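The structure file work_29.cif is reproduced below (mmCIF, C-alpha atoms, pLDDT in the B column; chains and numbers go by the auth columns).
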data_protein
#
loop_
_atom_site.group_PDB
_atom_site.id
_atom_site.type_symbol
_atom_site.label_atom_id
_atom_site.label_comp_id
_atom_site.label_asym_id
_atom_site.label_seq_id
_atom_site.Cartn_x
_atom_site.Cartn_y
_atom_site.Cartn_z
_atom_site.B_iso_or_equiv
_atom_site.auth_seq_id
_atom_site.auth_asym_id
ATOM 1 C CA THR A 1 0.000 0.000 0.000 93.00 1245 A
ATOM 2 C CA ASN A 2 1.043 3.598 -0.540 94.00 1246 A
ATOM 3 C CA VAL A 3 2.527 4.339 2.883 95.00 1247 A
ATOM 4 C CA ASP A 4 5.796 5.807 4.163 91.00 1248 A
ATOM 5 C CA GLY A 5 8.762 3.579 3.458 89.00 1249 A
ATOM 6 C CA ILE A 6 7.054 1.597 0.722 92.00 1250 A
ATOM 7 C CA ARG A 7 7.017 4.660 -1.541 89.00 1251 A
ATOM 8 C CA ASP A 8 10.822 4.620 -1.280 84.00 1252 A
ATOM 9 C CA LEU A 9 10.923 1.071 -2.657 87.00 1253 A
ATOM 10 C CA ILE A 10 8.059 0.928 -5.147 93.00 1254 A
ATOM 11 C CA ILE A 11 7.635 3.256 -8.099 94.00 1255 A
ATOM 12 C CA ASP A 12 3.952 3.158 -8.997 96.00 1256 A
ATOM 13 C CA ASN A 13 3.307 1.400 -12.302 96.00 1257 A
ATOM 14 C CA VAL A 14 7.059 0.981 -12.843 97.00 1258 A
ATOM 15 C CA THR A 15 8.230 -1.479 -10.170 96.00 1259 A
ATOM 16 C CA GLY A 16 4.832 -2.252 -8.676 97.00 1260 A
ATOM 17 C CA ILE A 17 1.338 -0.965 -8.118 97.00 1261 A
ATOM 18 C CA LEU A 18 0.671 1.279 -5.148 97.00 1262 A
ATOM 19 C CA VAL A 19 -2.830 1.382 -3.720 97.00 1263 A
ATOM 20 C CA PRO A 20 -4.227 3.538 -0.925 97.00 1264 A
ATOM 21 C CA PRO A 21 -3.984 2.020 2.557 96.00 1265 A
ATOM 22 C CA GLU A 22 -7.119 0.465 3.995 96.00 1266 A
ATOM 23 C CA ASP A 23 -8.768 0.168 0.589 97.00 1267 A
ATOM 24 C CA PRO A 24 -9.431 -3.542 0.014 97.00 1268 A
ATOM 25 C CA GLN A 25 -11.290 -2.944 -3.238 98.00 1269 A
ATOM 26 C CA ARG A 26 -8.345 -1.104 -4.811 97.00 1270 A
ATOM 27 C CA MET A 27 -6.010 -3.843 -3.531 97.00 1271 A
ATOM 28 C CA ALA A 28 -8.223 -6.509 -5.082 98.00 1272 A
ATOM 29 C CA ASP A 29 -8.374 -4.543 -8.347 98.00 1273 A
ATOM 30 C CA ALA A 30 -4.573 -4.254 -8.452 98.00 1274 A
ATOM 31 C CA ILE A 31 -4.124 -7.982 -7.788 98.00 1275 A
ATOM 32 C CA ASN A 32 -6.690 -8.834 -10.450 98.00 1276 A
ATOM 33 C CA LYS A 33 -4.949 -6.513 -12.895 97.00 1277 A
ATOM 34 C CA LEU A 34 -1.669 -8.370 -12.369 97.00 1278 A
ATOM 35 C CA LEU A 35 -3.359 -11.744 -12.725 97.00 1279 A
ATOM 36 C CA THR A 36 -5.049 -10.805 -15.986 98.00 1280 A
ATOM 37 C CA ASP A 37 -2.414 -8.562 -17.606 98.00 1281 A
ATOM 38 C CA LYS A 38 0.627 -10.808 -17.965 97.00 1282 A
ATOM 39 C CA THR A 39 2.508 -8.178 -19.975 98.00 1283 A
ATOM 40 C CA LEU A 40 2.164 -5.673 -17.137 98.00 1284 A
ATOM 41 C CA ALA A 41 3.101 -8.304 -14.555 98.00 1285 A
ATOM 42 C CA ARG A 42 6.287 -9.179 -16.476 98.00 1286 A
ATOM 43 C CA PHE A 43 7.124 -5.490 -16.982 98.00 1287 A
ATOM 44 C CA LEU A 44 6.757 -4.688 -13.273 98.00 1288 A
ATOM 45 C CA GLY A 45 8.612 -7.848 -12.243 97.00 1289 A
ATOM 46 C CA ARG A 46 11.530 -7.163 -14.568 97.00 1290 A
ATOM 47 C CA ASN A 47 11.824 -3.565 -13.376 97.00 1291 A
ATOM 48 C CA ALA A 48 11.567 -4.585 -9.725 95.00 1292 A
ATOM 49 C CA ARG A 49 14.344 -7.177 -10.127 94.00 1293 A
ATOM 50 C CA GLU A 50 16.650 -4.625 -11.761 92.00 1294 A
ATOM 51 C CA PHE A 51 15.886 -2.101 -9.012 89.00 1295 A
ATOM 52 C CA ALA A 52 16.568 -4.706 -6.300 87.00 1296 A
ATOM 53 C CA LYS A 53 19.871 -5.766 -7.883 83.00 1297 A
ATOM 54 C CA ARG A 54 21.217 -2.250 -7.381 79.00 1298 A
ATOM 55 C CA TYR A 55 20.769 -2.638 -3.636 76.00 1299 A
ATOM 56 C CA MET A 56 22.132 -6.138 -3.152 78.00 1300 A
ATOM 57 C CA ALA A 57 25.004 -6.104 -0.657 77.00 1301 A
ATOM 58 C CA ILE A 58 27.572 -7.436 -3.124 79.00 1302 A
ATOM 59 C CA ASN A 59 26.749 -4.705 -5.629 77.00 1303 A
ATOM 60 C CA ILE A 60 27.013 -1.990 -3.006 82.00 1304 A
ATOM 61 C CA VAL A 61 30.388 -3.346 -1.879 87.00 1305 A
ATOM 62 C CA GLU A 62 31.605 -3.372 -5.485 87.00 1306 A
ATOM 63 C CA GLU A 63 30.458 0.225 -5.960 85.00 1307 A
ATOM 64 C CA TYR A 64 32.368 1.321 -2.849 91.00 1308 A
ATOM 65 C CA GLU A 65 35.451 -0.585 -4.009 93.00 1309 A
ATOM 66 C CA ASN A 66 35.306 1.083 -7.420 91.00 1310 A
ATOM 67 C CA LEU A 67 34.868 4.501 -5.834 93.00 1311 A
ATOM 68 C CA PHE A 68 37.799 3.863 -3.461 93.00 1312 A
ATOM 69 C CA ARG A 69 40.038 2.777 -6.365 92.00 1313 A
ATOM 70 C CA LYS A 70 39.027 5.832 -8.388 92.00 1314 A
ATOM 71 C CA LEU A 71 39.702 8.211 -5.484 92.00 1315 A
ATOM 72 C CA THR A 72 43.069 6.660 -4.623 91.00 1316 A
ATOM 73 C CA LYS A 73 44.225 6.867 -8.271 88.00 1317 A
ATOM 74 C CA GLN A 74 43.512 10.598 -8.302 75.00 1318 A
ATOM 75 C CA ARG A 75 46.136 11.289 -5.655 65.00 1319 A
#

Rewrite the structure from the file as structure tokens, please.
Amino acid sequence: TNVDGIRDLIIDNVTGILVPPEDPQRMADAINKLLTDKTLARFLGRNAREFAKRYMAINIVEEYENLFRKLTKQR
């Protein structure tokens, strides 16, 4: 649902579908939409996986290592 914290992780209609909190009908509609629109479900899933990969621990460590190497070469 579209609440604090979740909005930082989900981009509406890009990496997921945000619905208002405490609105079971809108939640049901969003679930039904994903069940019936396979193209949309694949699109959101693919985008969500790519978004999540950026925040995997190993990727973050690699980014810090690359930054450290770049900064130390500049000296």

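Atom to atom, atom CA of Arg1298 of chain A and atom CA of Arg1313 of chain A stand 19.5 Å apart.
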
Hey, what comes out of the PyMOL selection byres ((chain A and resi 1265-1269) around 12) on this file? Could you write it as a PDB file with C-alpha atoms, keeping the file's coordinate frame?
ATOM      1  CA  THR A1245       0.000   0.000   0.000  1.00 93.00           C
ATOM      2  CA  ASN A1246       1.043   3.598  -0.540  1.00 94.00           C
ATOM      3  CA  VAL A1247       2.527   4.339   2.883  1.00 95.00           C
ATOM      4  CA  ASP A1248       5.796   5.807   4.163  1.00 91.00           C
ATOM      5  CA  ILE A1250       7.054   1.597   0.722  1.00 92.00           C
ATOM      6  CA  LEU A1262       0.671   1.279  -5.148  1.00 97.00           C
ATOM      7  CA  VAL A1263      -2.830   1.382  -3.720  1.00 97.00           C
ATOM      8  CA  PRO A1264      -4.227   3.538  -0.925  1.00 97.00           C
ATOM      9  CA  ARG A1270      -8.345  -1.104  -4.811  1.00 97.00           C
ATOM     10  CA  MET A1271      -6.010  -3.843  -3.531  1.00 97.00           C
ATOM     11  CA  ALA A1272      -8.223  -6.509  -5.082  1.00 98.00           C
ATOM     12  CA  ASP A1273      -8.374  -4.543  -8.347  1.00 98.00           C
ATOM     13  CA  ALA A1274      -4.573  -4.254  -8.452  1.00 98.00           C
ATOM     14  CA  ILE A1275      -4.124  -7.982  -7.788  1.00 98.00           C
ATOM     15  CA  ASN A1276      -6.690  -8.834 -10.450  1.00 98.00           C
TER      16      ASN A1276
END

Give me the result of the PyMOL selection byres ((chain A and resi 1288) around 12) on this file, residue by residue, as a ChimeraX atom specification. /A:1254-1262,1277-1278,1281-1287,1289-1295
